[in-house]
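S.K.: entry-v4.cif is the file, holding mmCIF, C-alpha atoms (C1' of nucleotides):
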```cif
data_run
loop_
_atom_site.label_atom_id
_atom_site.label_comp_id
_atom_site.auth_asym_id
_atom_site.auth_seq_id
_atom_site.Cartn_x
_atom_site.Cartn_y
_atom_site.Cartn_z
CA MET A 17 -19.47 -23.77 -121.53
CA PRO A 18 -16.08 -25.41 -122.08
CA GLU A 19 -15.44 -28.11 -119.52
CA GLU A 20 -11.68 -28.54 -119.57
CA PRO A 21 -10.32 -31.86 -118.30
CA THR A 22 -9.34 -29.94 -115.20
CA ARG A 23 -6.70 -31.28 -112.92
CA GLN A 24 -7.89 -32.23 -109.45
CA ARG A 25 -7.59 -29.62 -106.74
CA ARG A 26 -4.49 -30.13 -104.62
CA ALA A 27 -5.05 -31.66 -101.22
CA ASP A 28 -2.86 -29.18 -99.37
CA ALA A 29 -4.80 -26.29 -100.88
CA ILE A 30 -8.08 -27.71 -99.66
CA ARG A 31 -6.61 -28.33 -96.23
CA ASN A 32 -5.21 -24.82 -96.01
CA VAL A 33 -8.53 -23.23 -96.88
CA ASP A 34 -10.08 -25.12 -94.01
CA LEU A 35 -7.28 -24.19 -91.65
CA LEU A 36 -7.71 -20.56 -92.61
CA LEU A 37 -11.47 -20.60 -92.14
CA ASP A 38 -11.11 -22.20 -88.73
CA ALA A 39 -8.45 -19.74 -87.71
CA ALA A 40 -10.57 -16.86 -88.97
CA ARG A 41 -13.61 -18.00 -87.01
CA ILE A 42 -11.52 -18.12 -83.87
CA VAL A 43 -9.81 -14.79 -84.37
CA PHE A 44 -13.02 -13.02 -85.36
CA GLU A 45 -14.66 -14.21 -82.20
CA ARG A 46 -11.77 -13.84 -79.77
CA VAL A 47 -10.18 -10.71 -81.16
CA SER A 48 -12.23 -8.98 -83.82
CA VAL A 49 -13.22 -9.04 -87.44
CA ASP A 50 -10.64 -6.28 -87.92
CA ALA A 51 -7.67 -8.27 -86.67
CA PRO A 52 -4.60 -8.17 -88.97
CA ALA A 53 -4.56 -10.78 -91.71
CA LYS A 54 -1.19 -12.00 -90.51
CA GLN A 55 -2.62 -12.97 -87.16
CA ILE A 56 -5.01 -15.29 -88.92
CA SER A 57 -2.46 -16.81 -91.28
CA ASP A 58 -0.10 -17.35 -88.34
CA LEU A 59 -2.77 -19.15 -86.35
CA ALA A 60 -3.55 -21.26 -89.38
CA GLY A 61 0.14 -22.01 -89.76
CA VAL A 62 0.47 -20.71 -93.32
CA GLY A 63 2.01 -17.61 -94.90
CA VAL A 64 0.04 -14.45 -95.68
CA GLY A 65 0.56 -15.18 -99.33
CA THR A 66 -1.46 -18.34 -98.95
CA LEU A 67 -4.25 -16.51 -97.23
CA TYR A 68 -4.43 -13.99 -100.06
CA ARG A 69 -4.23 -16.71 -102.68
CA HIS A 70 -7.47 -18.22 -101.43
CA PHE A 71 -9.12 -15.00 -100.30
CA PRO A 72 -7.89 -12.22 -102.61
CA LYS A 73 -9.30 -9.55 -100.33
CA ARG A 74 -9.30 -9.65 -96.60
CA SER A 75 -13.03 -9.11 -96.74
CA ASP A 76 -13.44 -12.29 -98.79
CA LEU A 77 -12.39 -14.22 -95.74
CA VAL A 78 -15.02 -12.47 -93.68
CA LYS A 79 -17.55 -13.24 -96.38
CA ALA A 80 -16.63 -16.91 -96.40
CA VAL A 81 -17.03 -17.19 -92.65
CA VAL A 82 -20.37 -15.44 -92.71
CA GLU A 83 -21.63 -17.55 -95.58
CA SER A 84 -21.04 -20.69 -93.61
CA GLY A 85 -23.07 -19.16 -90.80
CA ILE A 86 -25.88 -18.25 -93.16
CA GLU A 87 -26.24 -21.86 -94.14
CA SER A 88 -26.84 -22.95 -90.57
CA MET A 89 -29.33 -20.16 -89.99
CA ALA A 90 -31.34 -21.28 -93.01
CA GLU A 91 -31.40 -24.85 -91.88
CA LEU A 92 -32.42 -23.81 -88.40
CA GLY A 93 -35.37 -21.90 -89.82
CA THR A 94 -36.69 -24.97 -91.56
CA THR A 95 -36.24 -27.10 -88.48
CA LEU A 96 -37.94 -24.65 -86.15
CA SER A 97 -40.98 -24.05 -88.31
CA ALA A 98 -41.53 -27.79 -88.42
CA GLN A 99 -41.28 -28.22 -84.68
CA HIS A 100 -43.03 -25.19 -83.21
CA PRO A 101 -46.13 -23.01 -83.67
CA PRO A 102 -45.48 -20.01 -85.93
CA ASP A 103 -44.84 -17.25 -83.44
CA GLU A 104 -42.75 -19.47 -81.21
CA ALA A 105 -40.70 -20.54 -84.21
CA LEU A 106 -40.25 -16.91 -85.19
CA ARG A 107 -39.18 -15.97 -81.70
CA ARG A 108 -36.62 -18.74 -81.49
CA TRP A 109 -35.23 -18.04 -84.89
CA ILE A 110 -34.84 -14.34 -84.15
CA ASP A 111 -33.07 -15.33 -80.94
CA ALA A 112 -30.59 -17.49 -82.80
CA TYR A 113 -30.02 -14.85 -85.45
CA THR A 114 -29.42 -12.29 -82.75
CA LYS A 115 -26.86 -14.52 -81.14
CA PHE A 116 -25.14 -15.32 -84.42
CA LEU A 117 -24.55 -11.64 -85.11
CA GLY A 118 -23.70 -10.76 -81.56
CA THR A 119 -20.91 -13.27 -81.34
CA LYS A 120 -18.41 -11.85 -83.78
CA ARG A 121 -16.95 -8.52 -82.76
CA GLY A 122 -17.14 -5.90 -85.43
CA LEU A 123 -19.14 -8.09 -87.76
CA ALA A 124 -22.37 -6.15 -87.87
CA PRO A 125 -20.61 -2.80 -88.31
CA ALA A 126 -18.51 -4.30 -91.08
CA LEU A 127 -21.49 -5.75 -92.89
CA HIS A 128 -23.33 -2.44 -92.81
CA SER A 129 -20.40 -0.19 -93.39
CA GLY A 130 -21.50 0.27 -96.97
CA ASP A 131 -18.25 -1.31 -98.12
CA PRO A 132 -19.09 -2.67 -101.58
CA ALA A 133 -17.08 -5.74 -100.68
CA PHE A 134 -20.10 -7.04 -98.85
CA ASP A 135 -22.75 -6.26 -101.43
CA GLY A 136 -22.80 -9.75 -102.85
CA LEU A 137 -23.05 -11.14 -99.39
CA ALA A 138 -26.25 -9.30 -98.66
CA ASP A 139 -27.79 -10.80 -101.79
CA HIS A 140 -26.75 -14.31 -100.94
CA PHE A 141 -28.02 -13.76 -97.46
CA ARG A 142 -31.35 -12.52 -98.70
CA ALA A 143 -31.71 -15.33 -101.21
CA ARG A 144 -30.97 -18.01 -98.67
CA ILE A 145 -32.56 -16.66 -95.50
CA GLY A 146 -35.28 -14.46 -96.94
CA PRO A 147 -37.73 -17.22 -97.90
CA VAL A 148 -37.35 -18.92 -94.57
CA LEU A 149 -38.01 -15.76 -92.60
CA THR A 150 -40.81 -14.67 -94.90
CA GLU A 151 -42.60 -17.90 -94.15
CA LEU A 152 -42.11 -17.45 -90.45
CA LEU A 153 -43.37 -13.89 -90.63
CA GLN A 154 -46.46 -14.75 -92.62
CA ALA A 155 -47.29 -17.59 -90.32
CA ALA A 156 -46.99 -15.27 -87.35
CA LYS A 157 -49.17 -12.65 -89.10
CA VAL A 158 -47.26 -9.44 -88.47
CA ARG A 159 -47.69 -6.04 -90.08
CA SER A 160 -47.27 -5.82 -93.78
CA ASP A 161 -45.44 -2.59 -94.52
CA ILE A 162 -42.22 -4.05 -93.21
CA SER A 163 -40.47 -6.48 -95.50
CA THR A 164 -38.39 -9.47 -94.66
CA ASP A 165 -35.31 -7.60 -95.77
CA ASP A 166 -36.15 -4.71 -93.52
CA LEU A 167 -36.37 -6.93 -90.53
CA LEU A 168 -33.17 -8.81 -91.20
CA HIS A 169 -31.39 -5.54 -91.70
CA ALA A 170 -32.81 -3.96 -88.60
CA ILE A 171 -31.88 -6.87 -86.39
CA ALA A 172 -28.41 -6.97 -87.83
CA HIS A 173 -28.01 -3.32 -87.00
CA LEU A 174 -29.26 -3.71 -83.48
CA CYS A 175 -27.11 -6.67 -82.63
CA THR A 176 -23.69 -5.09 -82.75
CA PRO A 177 -21.79 -6.60 -79.84
CA GLY A 178 -21.27 -4.00 -77.18
CA PRO A 179 -20.66 -3.59 -73.47
CA ASP A 180 -24.25 -4.54 -72.67
CA PRO A 181 -25.02 -7.96 -74.14
CA THR A 182 -28.70 -7.63 -73.33
CA PHE A 183 -29.07 -4.57 -75.49
CA GLY A 184 -29.57 -6.30 -78.82
CA PRO A 185 -32.10 -8.84 -77.59
CA ARG A 186 -34.06 -6.24 -75.65
CA MET A 187 -34.32 -3.86 -78.55
CA VAL A 188 -35.24 -6.67 -80.88
CA GLY A 189 -38.01 -7.41 -78.41
CA VAL A 190 -39.33 -3.89 -78.67
CA LEU A 191 -39.11 -4.10 -82.43
CA MET A 192 -41.13 -7.30 -82.45
CA ASP A 193 -43.72 -5.69 -80.21
CA GLY A 194 -43.88 -2.92 -82.74
CA LEU A 195 -44.48 -5.44 -85.49
CA ARG A 196 -47.41 -7.02 -83.73
CA HIS A 197 -49.09 -4.08 -82.06
CA ASN A 198 -48.94 -1.81 -85.01
CA GLU A 199 -50.80 1.19 -86.31
CA LYS A 200 -50.91 0.13 -89.93
CA GLY A 201 -52.78 -3.14 -89.76
CA MET B 4 -4.92 25.26 -60.24
CA PRO B 5 -1.95 27.25 -61.57
CA GLU B 6 -3.09 29.85 -64.04
CA GLU B 7 0.03 30.66 -66.05
CA PRO B 8 0.07 34.02 -67.77
CA THR B 9 -0.60 32.09 -70.95
CA ARG B 10 0.07 33.66 -74.30
CA GLN B 11 -2.96 34.18 -76.50
CA ARG B 12 -3.77 31.55 -79.05
CA ARG B 13 -2.45 32.40 -82.49
CA ALA B 14 -5.00 33.70 -84.97
CA ASP B 15 -3.88 31.43 -87.79
CA ALA B 16 -4.23 28.40 -85.55
CA ILE B 17 -7.81 29.28 -84.70
CA ARG B 18 -8.57 29.88 -88.34
CA ASN B 19 -7.02 26.58 -89.38
CA VAL B 20 -9.07 24.61 -86.87
CA ASP B 21 -12.19 26.13 -88.35
CA LEU B 22 -11.06 25.42 -91.89
CA LEU B 23 -10.37 21.83 -90.93
CA LEU B 24 -13.73 21.34 -89.26
CA ASP B 25 -15.53 22.79 -92.25
CA ALA B 26 -13.54 20.64 -94.64
CA ALA B 27 -14.19 17.58 -92.50
CA ARG B 28 -17.93 18.19 -92.43
CA ILE B 29 -17.95 18.43 -96.20
CA VAL B 30 -15.79 15.39 -96.81
CA PHE B 31 -17.64 13.25 -94.26
CA GLU B 32 -20.89 14.03 -95.97
CA ARG B 33 -19.79 13.93 -99.60
CA VAL B 34 -17.29 11.10 -99.40
CA SER B 35 -17.27 9.27 -96.09
CA VAL B 36 -16.12 9.41 -92.53
CA ASP B 37 -13.36 7.04 -93.62
CA ALA B 38 -11.86 9.35 -96.24
CA PRO B 39 -8.07 9.77 -96.00
CA ALA B 40 -6.89 12.53 -93.69
CA LYS B 41 -4.92 14.10 -96.51
CA GLN B 42 -8.09 14.67 -98.48
CA ILE B 43 -9.41 16.77 -95.64
CA SER B 44 -6.24 18.74 -95.05
CA ASP B 45 -5.99 19.42 -98.78
CA LEU B 46 -9.52 20.74 -98.93
CA ALA B 47 -8.79 22.89 -95.92
CA GLY B 48 -5.66 24.14 -97.63
CA VAL B 49 -3.26 23.09 -94.87
CA GLY B 50 -0.69 20.33 -94.46
CA VAL B 51 -1.44 17.00 -92.81
CA GLY B 52 0.90 17.99 -90.03
CA THR B 53 -1.40 20.84 -89.16
CA LEU B 54 -4.39 18.56 -89.09
CA TYR B 55 -2.65 16.21 -86.70
CA ARG B 56 -1.42 19.09 -84.57
CA HIS B 57 -4.98 20.07 -83.78
CA PHE B 58 -6.51 16.60 -83.88
CA PRO B 59 -3.84 14.14 -82.70
CA LYS B 60 -5.87 11.16 -83.88
CA ARG B 61 -7.91 11.05 -87.00
CA SER B 62 -10.84 10.02 -84.85
CA ASP B 63 -10.51 13.24 -82.83
CA LEU B 64 -11.58 15.10 -85.91
CA VAL B 65 -14.63 12.89 -86.23
CA LYS B 66 -15.36 13.48 -82.57
CA ALA B 67 -15.11 17.22 -82.95
CA VAL B 68 -17.52 17.23 -85.85
CA VAL B 69 -20.00 15.04 -84.03
CA GLU B 70 -19.77 17.11 -80.87
CA SER B 71 -20.79 20.20 -82.73
CA GLY B 72 -23.78 18.26 -84.02
CA ILE B 73 -24.69 17.08 -80.54
CA GLU B 74 -24.95 20.64 -79.39
CA SER B 75 -27.53 21.48 -82.02
CA MET B 76 -29.53 18.35 -81.22
CA ALA B 77 -29.68 19.32 -77.57
CA GLU B 78 -30.84 22.81 -78.35
CA LEU B 79 -33.44 21.49 -80.73
CA GLY B 80 -34.84 19.27 -77.99
CA THR B 81 -35.40 22.21 -75.72
CA THR B 82 -36.98 24.25 -78.44
CA LEU B 83 -39.33 21.50 -79.55
CA SER B 84 -40.60 20.60 -76.10
CA ALA B 85 -41.50 24.24 -75.57
CA GLN B 86 -43.39 24.55 -78.83
CA HIS B 87 -45.23 21.24 -79.21
CA PRO B 88 -47.23 18.69 -77.21
CA PRO B 89 -45.05 15.90 -75.76
CA ASP B 90 -45.53 13.15 -78.31
CA GLU B 91 -45.31 15.51 -81.23
CA ALA B 92 -42.10 16.99 -79.80
CA LEU B 93 -40.72 13.49 -79.36
CA ARG B 94 -41.62 12.54 -82.89
CA ARG B 95 -39.99 15.60 -84.36
CA TRP B 96 -36.88 15.25 -82.32
CA ILE B 97 -36.47 11.61 -83.30
CA ASP B 98 -36.90 12.67 -86.91
CA ALA B 99 -34.14 15.21 -86.62
CA TYR B 100 -31.85 12.79 -84.82
CA THR B 101 -32.50 10.22 -87.50
CA LYS B 102 -31.57 12.69 -90.18
CA PHE B 103 -28.45 13.86 -88.34
CA LEU B 104 -27.11 10.31 -88.20
CA GLY B 105 -28.24 9.37 -91.66
CA THR B 106 -26.39 12.22 -93.30
CA LYS B 107 -22.78 11.28 -92.65
CA ARG B 108 -21.68 8.13 -94.41
CA GLY B 109 -20.00 5.66 -92.16
CA LEU B 110 -20.68 7.68 -89.05
CA ALA B 111 -23.02 5.32 -87.26
CA PRO B 112 -20.84 2.27 -87.95
CA ALA B 113 -17.81 4.18 -86.75
CA LEU B 114 -19.49 5.29 -83.56
CA HIS B 115 -20.58 1.78 -82.73
CA SER B 116 -17.52 -0.01 -83.92
CA GLY B 117 -16.40 -0.46 -80.35
CA ASP B 118 -13.32 1.62 -81.12
CA PRO B 119 -12.27 3.02 -77.73
CA ALA B 120 -11.56 6.30 -79.47
CA PHE B 121 -15.26 7.05 -79.31
CA ASP B 122 -15.93 6.03 -75.73
CA GLY B 123 -15.69 9.55 -74.42
CA LEU B 124 -17.97 10.73 -77.14
CA ALA B 125 -20.75 8.41 -76.09
CA ASP B 126 -20.54 9.82 -72.57
CA HIS B 127 -20.62 13.40 -73.70
CA PHE B 128 -23.48 12.54 -75.95
CA ARG B 129 -25.40 10.92 -73.16
CA ALA B 130 -24.70 13.75 -70.74
CA ARG B 131 -25.84 16.38 -73.16
CA ILE B 132 -28.69 14.70 -74.99
CA GLY B 133 -29.86 12.23 -72.37
CA PRO B 134 -31.72 14.67 -70.13
CA VAL B 135 -33.45 16.26 -73.07
CA LEU B 136 -34.65 12.96 -74.46
CA THR B 137 -35.56 11.62 -71.03
CA GLU B 138 -37.87 14.54 -70.55
CA LEU B 139 -39.45 14.02 -73.95
CA LEU B 140 -39.92 10.33 -73.22
CA GLN B 141 -41.49 10.87 -69.83
CA ALA B 142 -43.79 13.50 -71.18
CA ALA B 143 -44.88 11.12 -73.93
CA LYS B 144 -45.38 8.30 -71.39
CA VAL B 145 -43.74 5.32 -73.06
CA ARG B 146 -42.76 1.94 -71.64
CA SER B 147 -40.34 1.94 -68.79
CA ASP B 148 -38.00 -1.00 -69.28
CA ILE B 149 -36.25 0.81 -72.09
CA SER B 150 -33.87 3.53 -71.02
CA THR B 151 -33.02 6.74 -72.75
CA ASP B 152 -29.60 5.36 -73.59
CA ASP B 153 -31.14 2.29 -75.11
CA LEU B 154 -33.26 4.34 -77.41
CA LEU B 155 -30.49 6.66 -78.52
CA HIS B 156 -28.32 3.68 -79.21
CA ALA B 157 -30.96 1.78 -81.08
CA ILE B 158 -31.81 4.68 -83.32
CA ALA B 159 -28.17 5.31 -84.03
CA HIS B 160 -27.80 1.71 -85.06
CA LEU B 161 -30.82 1.79 -87.30
CA CYS B 162 -29.88 4.97 -89.08
CA THR B 163 -26.78 3.88 -90.91
CA PRO B 164 -27.02 5.49 -94.32
CA GLY B 165 -27.70 2.85 -96.93
CA PRO B 166 -29.15 2.39 -100.39
CA ASP B 167 -32.68 2.82 -99.07
CA PRO B 168 -32.96 6.17 -97.28
CA THR B 169 -36.41 5.33 -95.98
CA PHE B 170 -35.14 2.34 -94.08
CA GLY B 171 -33.97 4.14 -90.94
CA PRO B 172 -37.06 6.28 -90.50
CA ARG B 173 -39.39 3.35 -91.15
CA MET B 174 -37.71 1.07 -88.66
CA VAL B 175 -37.57 3.83 -86.10
CA GLY B 176 -41.31 4.11 -86.63
CA VAL B 177 -41.80 0.46 -85.80
CA LEU B 178 -39.57 0.84 -82.79
CA MET B 179 -41.65 3.75 -81.53
CA ASP B 180 -44.81 1.71 -82.05
CA GLY B 181 -43.18 -0.93 -79.94
CA LEU B 182 -42.52 1.61 -77.23
CA ARG B 183 -46.12 2.72 -77.06
CA HIS B 184 -48.04 -0.47 -77.65
CA ASN B 185 -46.01 -2.61 -75.38
CA GLU B 186 -46.46 -5.76 -73.38
CA LYS B 187 -44.72 -4.58 -70.24
CA GLY B 188 -46.80 -1.57 -69.30
"C1'" DG C 19 8.53 -44.89 -108.71
"C1'" DA C 20 10.81 -41.23 -111.48
"C1'" DA C 21 10.20 -37.37 -114.27
"C1'" DC C 22 7.27 -33.50 -115.59
"C1'" DT C 23 4.49 -29.51 -114.58
"C1'" DA C 24 1.09 -26.66 -113.05
"C1'" DA C 25 -0.78 -25.49 -108.66
"C1'" DT C 26 0.55 -23.78 -104.38
"C1'" DC C 27 3.52 -21.93 -100.92
"C1'" DG C 28 5.74 -18.26 -98.24
"C1'" DG C 29 7.63 -14.27 -97.29
"C1'" DA C 30 9.71 -10.12 -99.28
"C1'" DA C 31 8.47 -5.93 -101.63
"C1'" DA C 32 5.00 -2.53 -103.08
"C1'" DC C 33 1.06 0.20 -101.49
"C1'" DA C 34 -2.10 3.02 -98.80
"C1'" DC C 35 -3.00 5.06 -95.04
"C1'" DT C 36 -2.06 7.17 -90.19
"C1'" DT C 37 0.96 9.28 -87.02
"C1'" DT C 38 5.38 11.31 -85.58
"C1'" DC C 39 9.23 14.45 -86.24
"C1'" DC C 40 11.66 18.42 -86.97
"C1'" DG C 41 13.66 22.45 -89.42
"C1'" DC C 42 11.43 26.65 -91.04
"C1'" DT C 43 7.96 30.44 -90.52
"C1'" DT C 44 5.14 33.77 -88.29
"C1'" DG C 45 2.17 36.07 -85.03
"C1'" DA C 46 2.00 37.93 -80.14
"C1'" DG C 47 4.07 40.53 -76.78
"C1'" DA C 48 7.77 43.65 -75.11
"C1'" DT D 8 11.34 46.29 -84.32
"C1'" DC D 9 13.00 42.29 -82.19
"C1'" DT D 10 12.46 37.86 -79.93
"C1'" DC D 11 10.89 33.34 -79.63
"C1'" DA D 12 7.36 29.95 -78.68
"C1'" DA D 13 3.44 28.44 -81.22
"C1'" DG D 14 2.37 26.82 -85.35
"C1'" DC D 15 3.33 25.17 -90.13
"C1'" DG D 16 4.17 21.64 -93.79
"C1'" DG D 17 5.78 17.82 -95.59
"C1'" DA D 18 9.21 14.11 -95.18
"C1'" DA D 19 9.91 9.85 -92.77
"C1'" DA D 20 8.43 6.15 -89.78
"C1'" DG D 21 4.91 2.79 -88.44
"C1'" DT D 22 1.06 -0.41 -89.46
"C1'" DG D 23 -1.78 -3.21 -92.10
"C1'" DT D 24 -3.18 -4.89 -96.88
"C1'" DT D 25 -2.17 -6.67 -101.36
"C1'" DT D 26 0.94 -8.13 -105.04
"C1'" DC D 27 4.83 -10.76 -106.77
"C1'" DC D 28 7.75 -14.34 -107.81
"C1'" DG D 29 11.36 -17.91 -106.97
"C1'" DA D 30 11.16 -22.24 -104.50
"C1'" DT D 31 8.18 -26.31 -103.43
"C1'" DT D 32 5.27 -30.09 -104.03
"C1'" DA D 33 1.05 -32.77 -105.23
"C1'" DG D 34 -1.09 -34.85 -109.38
"C1'" DT D 35 -0.31 -37.12 -113.62
"C1'" DT D 36 1.94 -39.74 -116.94
"C1'" DC D 37 5.02 -43.22 -118.46
#
```
Now that the file is in, can you turn its structure into structure tokens?

M.R.:
Amino acid sequence: MPEEPTRQRRADAIRNVDLLLDAARIVFERVSVDAPAKQISDLAGVGVGTLYRHFPKRSDLVKAVVESGIESMAELGTTLSAQHPPDEALRRWIDAYTKFLGTKRGLAPALHSGDPAFDGLADHFRARIGPVLTELLQAAKVRSDISTDDLLHAIAHLCTPGPDPTFGPRMVGVLMDGLRHNEKG
Amino acid sequence: MPEEPTRQRRADAIRNVDLLLDAARIVFERVSVDAPAKQISDLAGVGVGTLYRHFPKRSDLVKAVVESGIESMAELGTTLSAQHPPDEALRRWIDAYTKFLGTKRGLAPALHSGDPAFDGLADHFRARIGPVLTELLQAAKVRSDISTDDLLHAIAHLCTPGPDPTFGPRMVGVLMDGLRHNEKG
DNA sequence: GAACTAATCGGAAACACTTTCCGCTTGAGA
DNA sequence: TCTCAAGCGGAAAGTGTTTCCGATTAGTTC
């Protein structure tokens, strides 16, 4: 692979990417994942053109924000499994995951809308979080016909932010009961 | 309430509404709930203007299609509870509900997107389906801290059509296990 | 530290819908 | 058959995304 003596990345470009990510995090949380791109570029103090230069599709910005969240979730998993007994670690991690998804309006629907824009994201997600959760699940000895992917997916679906903030957590609770007290061994 | 000697509704208008609903059902299933309005009006053989005359917002068309589905679900509930023992009736009804949601691409995400356009729909849904499901649930004696609404919601969330068509049904299965073998009596 | 250039910027223009408007058409009622 | 409001269709307006490109400006070189 040709390694051109590439010129260093411009400082303002790096700064703008950060500004945009910060602005996006704020807007996604306070307004919605569906807010107009201009609203984000305005908050970041740059033009729309700049936003689209760094994130060719609007969805790429969403992806970038989510990816940064994925990283923290993965790290949390490692930390928790070191500090708590298996099922407690699992419980806490699921709690955090639930909260992560529940915080950004429209995020869960967007991720599971089937929009091919997010296909790659799911893979990255799986690759990074999957092993961590798998370990937690095995340690907690839950039923075996449900895969790690299944569970991540299911929780993501259940945790759409809505009028009743207890909904997601409660249903996840039922789901976890179902995992433990199962009919398939 | 003033009952004006209102003129009868025009035959072509009635026909066009039907054509539009049929076209919408087809497009929602074959393409997606998010397909352009023009695609639907074309299939129906009318102009966009006509579509918007009968369904002022694009989402009204979605609503209309879903409402017709709700009606059949309600009827099915009654039928099933008359012909089967409680838990079998519940199982079958949940199956049908799962399939209903899983069939229209983008429907579940749309319904739970938080878009106020669908607020009324949720109420209608609840009013019509709630009692039926409540009866099924009581008859099947499942845990009590989960309401009928909760369950309808949860299933709807889980049944987003995706690459793996078995996902929804499987997770609903786990959820139902959780309802029966619970930790809260 | 001045000149050279490619990377970057920003906002205007091009697109892709959705929704509104309005002149023309047609079915219902007399 | 005649009248005329309901209904039609598609053009135009509104809204958000994505592309473009002339004007800047940060690295690099001398």

S.K.: On this structure, the PyMOL selection byres ((chain D) within 9 of (chain A)) would catch which residues? List them as a tab-separated table (two decimals) with C-alpha atoms (C1' of nucleotides), in the coordinates of the input, sorted by chain and number.

M.R.:
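Output saved as out31.tsv:
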```
chain	number	residue	atom	x	y	z
D	23	DG	C1'	-1.78	-3.21	-92.10
D	24	DT	C1'	-3.18	-4.89	-96.88
D	25	DT	C1'	-2.17	-6.67	-101.36
D	33	DA	C1'	1.05	-32.77	-105.23
D	34	DG	C1'	-1.09	-34.85	-109.38
D	35	DT	C1'	-0.31	-37.12	-113.62
```

S.K.: Can you turn the PyMOL selection byres ((chain A and resi 48) around 9) into a concrete residue list for this file, as a ChimeraX atom specification?

M.R.: /A:43-47,49-51,120-123

S.K.: Identify every residue of chain C that has at least one atom within 10 Å of any atom of chain B, counting all atoms listed in the file, and report the result as a PyMOL selection string.

M.R.: chain C and resi 34-39+44-47

S.K.: Can you work out the spacing between atom C1' of DT36 of chain D and atom CA of Thr66 of chain A in Å, to one decimal?

M.R.: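 Distance between the two atoms: 28.2 Å.
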
S.K.: For this file, the PyMOL selection byres ((chain B and resi 129-138) around 6) selects which residues, as a list in words?

M.R.: Ala77, Gly80, Asp126, His127, Phe128, Leu139, Leu140, Gln141 and Thr151 of chain B

S.K.: Using C-alpha atoms, can you write the selected residues to a file as an mmCIF file, in the coordinates of the input?

M.R.:
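Writing the result to out-v8.cif gives the following:
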```cif
data_model
loop_
_atom_site.group_PDB
_atom_site.id
_atom_site.type_symbol
_atom_site.label_atom_id
_atom_site.label_comp_id
_atom_site.auth_asym_id
_atom_site.auth_seq_id
_atom_site.Cartn_x
_atom_site.Cartn_y
_atom_site.Cartn_z
ATOM 1 C CA ALA B 77 -29.680 19.320 -77.570
ATOM 2 C CA GLY B 80 -34.840 19.270 -77.990
ATOM 3 C CA ASP B 126 -20.540 9.820 -72.570
ATOM 4 C CA HIS B 127 -20.620 13.400 -73.700
ATOM 5 C CA PHE B 128 -23.480 12.540 -75.950
ATOM 6 C CA LEU B 139 -39.450 14.020 -73.950
ATOM 7 C CA LEU B 140 -39.920 10.330 -73.220
ATOM 8 C CA GLN B 141 -41.490 10.870 -69.830
ATOM 9 C CA THR B 151 -33.020 6.740 -72.750
#
```

S.K.: Step by step: start from the point (-32.1, 16.3, -86.9) in the file's coordinates, keep every protein, DNA or RNA residue that has an atom no farther than 10 Å from it, count only C-alpha atoms (C1' of nucleotides), and write the set as a list in words.

M.R.: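 Residues found, by chain and rising number: Gly72, Ile73, Ser75, Met76, Leu79, Gly80, Arg95, Trp96, Ile97, Asp98, Ala99, Tyr100, Thr101, Lys102, Phe103, Leu104, Gly105 and Thr106 of chain B.
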
S.K.: One decimal, in Å: what's the spacing between atom CA of Lys66 of chain B and atom CA of Gly123 of chain B?

M.R.: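 Interatomic distance, atom CA of Lys66 of chain B to atom CA of Gly123 of chain B: 9.1 Å.
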
S.K.: Rank nothing, just name the residue among B:Ala113, B:Ala142, B:Ala92, B:Leu64 nearest to chain A, using only C-alpha atoms.

M.R.: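 Among the listed residues, the smallest separation from chain A belongs to B:Ala113.
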
S.K.: How many Å lie between atom CA of Met192 of chain A and atom CA of His100 of chain A, rounded to one decimal?

M.R.: 18.0 Å

S.K.: Enclose all atoms of segment 28-38 of chain C listed in the file in an axis-aligned box, grow every side by 6 Å, and hand back centre and edge lengths in Å to one decimal, as AutoDock Vina command-line options.

M.R.:
```
--center_x 3.4 --center_y -3.5 --center_z -94.3 --size_x 24.7 --size_y 41.6 --size_z 29.5
```

S.K.: Choose the residue, out of B:Leu24, B:Ala125, B:Val175, B:Leu161, that has the smallest atom-to-atom separation from chain A; count all atoms listed in the file.

M.R.: B:Leu161

S.K.: Measuring atom to atom with only C-alpha atoms, identify which of B:Gln42, B:Ala120, B:Pro172, B:His160 is nearest to chain A.

M.R.: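 Smallest distance to chain A is found for B:His160.
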
S.K.: Considering only C-alpha atoms, state which residue in the set A:Asp34, A:Asp135, A:Asp180, A:Asp193 is at the smallest distance from chain B.

M.R.: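 Comparing A:Asp34, A:Asp135, A:Asp180, A:Asp193 against chain B, the winner is A:Asp193.
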
S.K.: Please identify all polymer residues within 7 Å of Ile43 of chain B, counting only C-alpha atoms (C1' of nucleotides), omitting same-chain residues fewer than 5 positions from it, and present them as a PyMOL selection string.

M.R.: chain B and resi 23+26-27+30

S.K.: For chain B, which residue out of A:Thr182, A:Asp76, A:Asp166, A:Val62 is the nearest one, using only C-alpha atoms?

M.R.: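 For chain B, the nearest of the given residues is A:Asp166.
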